Amino acid sequence: MGRTKIYIRAPFSETCLSELRKFFEVVYEPWTMNGERFYEDEMLDHLLRVRPDALITELDRVTAKVLTGYPKLRLIGDCRAMPANIDIAACTAAKVPVLCTPARNAQAVAEMLVGLLLAMMRNLIPSVQWVKDGKWVAGATPYYLWMGSELNNKKVGFVGFGAVGRAAAKLLDAFGCDISFYDPFVELYDSRYRKRALEEVFSECDIVSIHLPVTEATRGLVSEKLLRSMKKNAVFANTARSAVVDYAALKKILEEKRIRGAILDVLDTEPPSPEDLEIGRFPNVILTPHICGATYEVTDHQSEIMTKRIKQWLSGEGLEQIVYNRGVLNG
């Protein structure tokens, strides 16, 4: 590509910005400067203003209108595991390769999941509120009132065993958990973890954690039948995507107290509609605002992954391994 201009709209580490400056003229305007993503009209306006050859984004919408209005993009880097903000079909038609940053927040999500599991199992949130509300008075027995369960020896089942699931399994392995997973695309690679049928994960595990992308095959995969097969004292966790779970069924099951509780970082509508928010008001639910992957270190991770992939793109080697829309490589 030679020495060309790259427009960086994603938060990026100074170390990696310096590395990219060896190859590009860098225009760095991360969305965090004003806290706003660009939708297609704004994105097009700013591309026409900056006139870059390459774009690195994270939240901005890149659509067919953007690519038609500014046809000079030769490369798009998206600092996400999957390019949900990019019209991939339009990019492929325009012969613009898209690079992503898989596993950029795997450690962040894994650590948060373990923390939320501990909070659920040990009644952390209600017990803290109980103290703040002044209910710890003479004669109270908090030791027994808020007694919880250990993670040790609990059967933990992962539905989807990619980077996040594996990072969480590594952490939970240190607690002495019995770990299994369902993932038709992952073979058994570690003797400590057992590959099982989806139905077995739900019916036999004490904790079921969802780590699936949204595809035709996974949309609504976690059905009412599967949820009702869980143990009465089991915990359900979804830190992935809401569309893979039948949330209406989950709401009924939680309302009926058929399981111990749920940990949810994602909802069907974000910010939540009043209807979506109902599930978060149950006392047996911990609801967080889609922040499991939100750490300062994620900026470093995505910067390193994207910089490495751009340098690989420049070398022209192993492009099939890094280009998301591989169709642009044919012909």
# chains A, B, ... in the order shown; residues from 1 in each chain; ligands from 1
$ select_by_dssp --residues "stretch 55-90 of chain A" --states "strand (DSSP E or B)" --output "list of chain:residue names"
A:Leu55, A:Ile56, A:Thr57, A:Val62, A:Leu75, A:Ile76, A:Gly77, A:Asp78, A:Ile86
$ closest_atom_pairs --of "stretch 104-163 of chain A" --to "stretch 199-217 of chain A" --cutoff "7 Å" --atoms "only C-alpha atoms" --output "Markdown table"
| residue | atom | partner | partner_atom | distance |
| --- | --- | --- | --- | --- |
| A:Lys154 | CA | A:Asp206 | CA | 6.0 |
| A:Lys155 | CA | A:Cys205 | CA | 4.8 |
| A:Val156 | CA | A:Ile207 | CA | 4.7 |
| A:Gly157 | CA | A:Val208 | CA | 4.8 |
| A:Phe158 | CA | A:Ser209 | CA | 5.0 |
| A:Val159 | CA | A:Ile210 | CA | 4.9 |
| A:Gly160 | CA | A:His211 | CA | 4.8 |
| A:Phe161 | CA | A:His211 | CA | 6.8 |
$ residues_around --residues "A:Val235" --least-positions-apart "5" --cutoff "6 Å" --atoms "only C-alpha atoms" --output "list of chain:residue names"
A:Ile207, A:Arg260, A:Gly261, A:Ala262
$ closest_residue --among "A:Arg196, A:Arg80, A:His301, A:Lys252" --to "A:Glu278" --atoms "only C-alpha atoms"
A:Lys252
$ atom_distance --atom1 "atom CA of A:Arg228" --atom2 "atom CA of A:Leu254"
10.2 Å
$ closest_atom_pairs --of "stretch 10-108 of chain A" --to "stretch 112-133 of chain A" --cutoff "12 Å" --atoms "only C-alpha atoms" --output "tab-separated table"
residue	atom	partner	partner_atom	distance
A:Asn105	CA	A:Met112	CA	10.7
A:Ala106	CA	A:Met112	CA	10.1
A:Gln107	CA	A:Met112	CA	8.5
A:Ala108	CA	A:Met112	CA	6.2
$ write_last_selection --atoms "C-alpha atoms" --output "CSV table (one decimal), in the first residue's frame"
chain,number,residue,atom,x,y,z
A,105,ASN,CA,-11.9,-8.5,25.3
A,106,ALA,CA,-11.8,-12.3,26.2
A,107,GLN,CA,-9.9,-11.7,29.4
A,108,ALA,CA,-12.1,-8.8,30.4
$ closest_residue --among "A:Lys232, A:Pro142, A:Ala249, A:Gly77" --to "A:Gly220" --atoms "only C-alpha atoms"
A:Ala249
$ residues_around --residues "A:Val298" --least-positions-apart "3" --cutoff "12 Å" --atoms "only C-alpha atoms" --output "list in words"
Ala10, Pro11, Phe12, Ser13, Cys79, Arg80, Ala81, Thr101, Pro102, Ala103, Arg104, Asn105, Ala106, Gln107, Ala108, Val109, Ile291, Cys292, Gly293, Ala294, Thr295, His301, Gln302, Ser303, Glu304, Ile305 and Met306 of chain A
$ atom_distance --atom1 "atom CA of A:Leu44" --atom2 "atom CA of A:Pro71"
10.3 Å
$ residues_around --residues "A:Leu329" --least-positions-apart "3" --cutoff "12 Å" --atoms "only C-alpha atoms" --output "NGL selection string"
:A and (92-98 or 313 or 316-326)
$ write_last_selection --atoms "C-alpha atoms" --output "PDB file, in the first residue's frame"
ATOM      1  CA  THR A  92     -17.036  -7.499  -0.497  1.00  0.00           C
ATOM      2  CA  ALA A  93     -18.836  -6.049  -3.518  1.00  0.00           C
ATOM      3  CA  ALA A  94     -16.554  -3.003  -3.330  1.00  0.00           C
ATOM      4  CA  LYS A  95     -13.507  -5.277  -2.923  1.00  0.00           C
ATOM      5  CA  VAL A  96     -12.637  -3.715   0.445  1.00  0.00           C
ATOM      6  CA  PRO A  97     -11.105  -6.239   2.877  1.00  0.00           C
ATOM      7  CA  VAL A  98     -12.196  -6.104   6.506  1.00  0.00           C
ATOM      8  CA  TRP A 313      -1.829  -7.298   5.377  1.00  0.00           C
ATOM      9  CA  GLY A 316       0.618  -9.925   1.782  1.00  0.00           C
ATOM     10  CA  GLU A 317       1.181 -13.202   3.639  1.00  0.00           C
ATOM     11  CA  GLY A 318      -1.474 -15.433   5.203  1.00  0.00           C
ATOM     12  CA  LEU A 319      -4.320 -13.116   4.242  1.00  0.00           C
ATOM     13  CA  GLU A 320      -6.872 -15.938   4.458  1.00  0.00           C
ATOM     14  CA  GLN A 321      -6.183 -16.063   8.199  1.00  0.00           C
ATOM     15  CA  ILE A 322      -6.928 -12.394   8.879  1.00  0.00           C
ATOM     16  CA  VAL A 323      -9.451 -11.147   6.290  1.00  0.00           C
ATOM     17  CA  TYR A 324     -13.035 -11.489   7.526  1.00  0.00           C
ATOM     18  CA  ASN A 325     -14.645 -11.239   4.078  1.00  0.00           C
ATOM     19  CA  ARG A 326     -12.363 -13.701   2.315  1.00  0.00           C
TER      20      ARG A 326
END
$ residues_around --residues "A:Leu48" --least-positions-apart "4" --cutoff "10 Å" --atoms "only C-alpha atoms" --output "PyMOL selection string"
chain A and resi 42-44+52+66+69-72
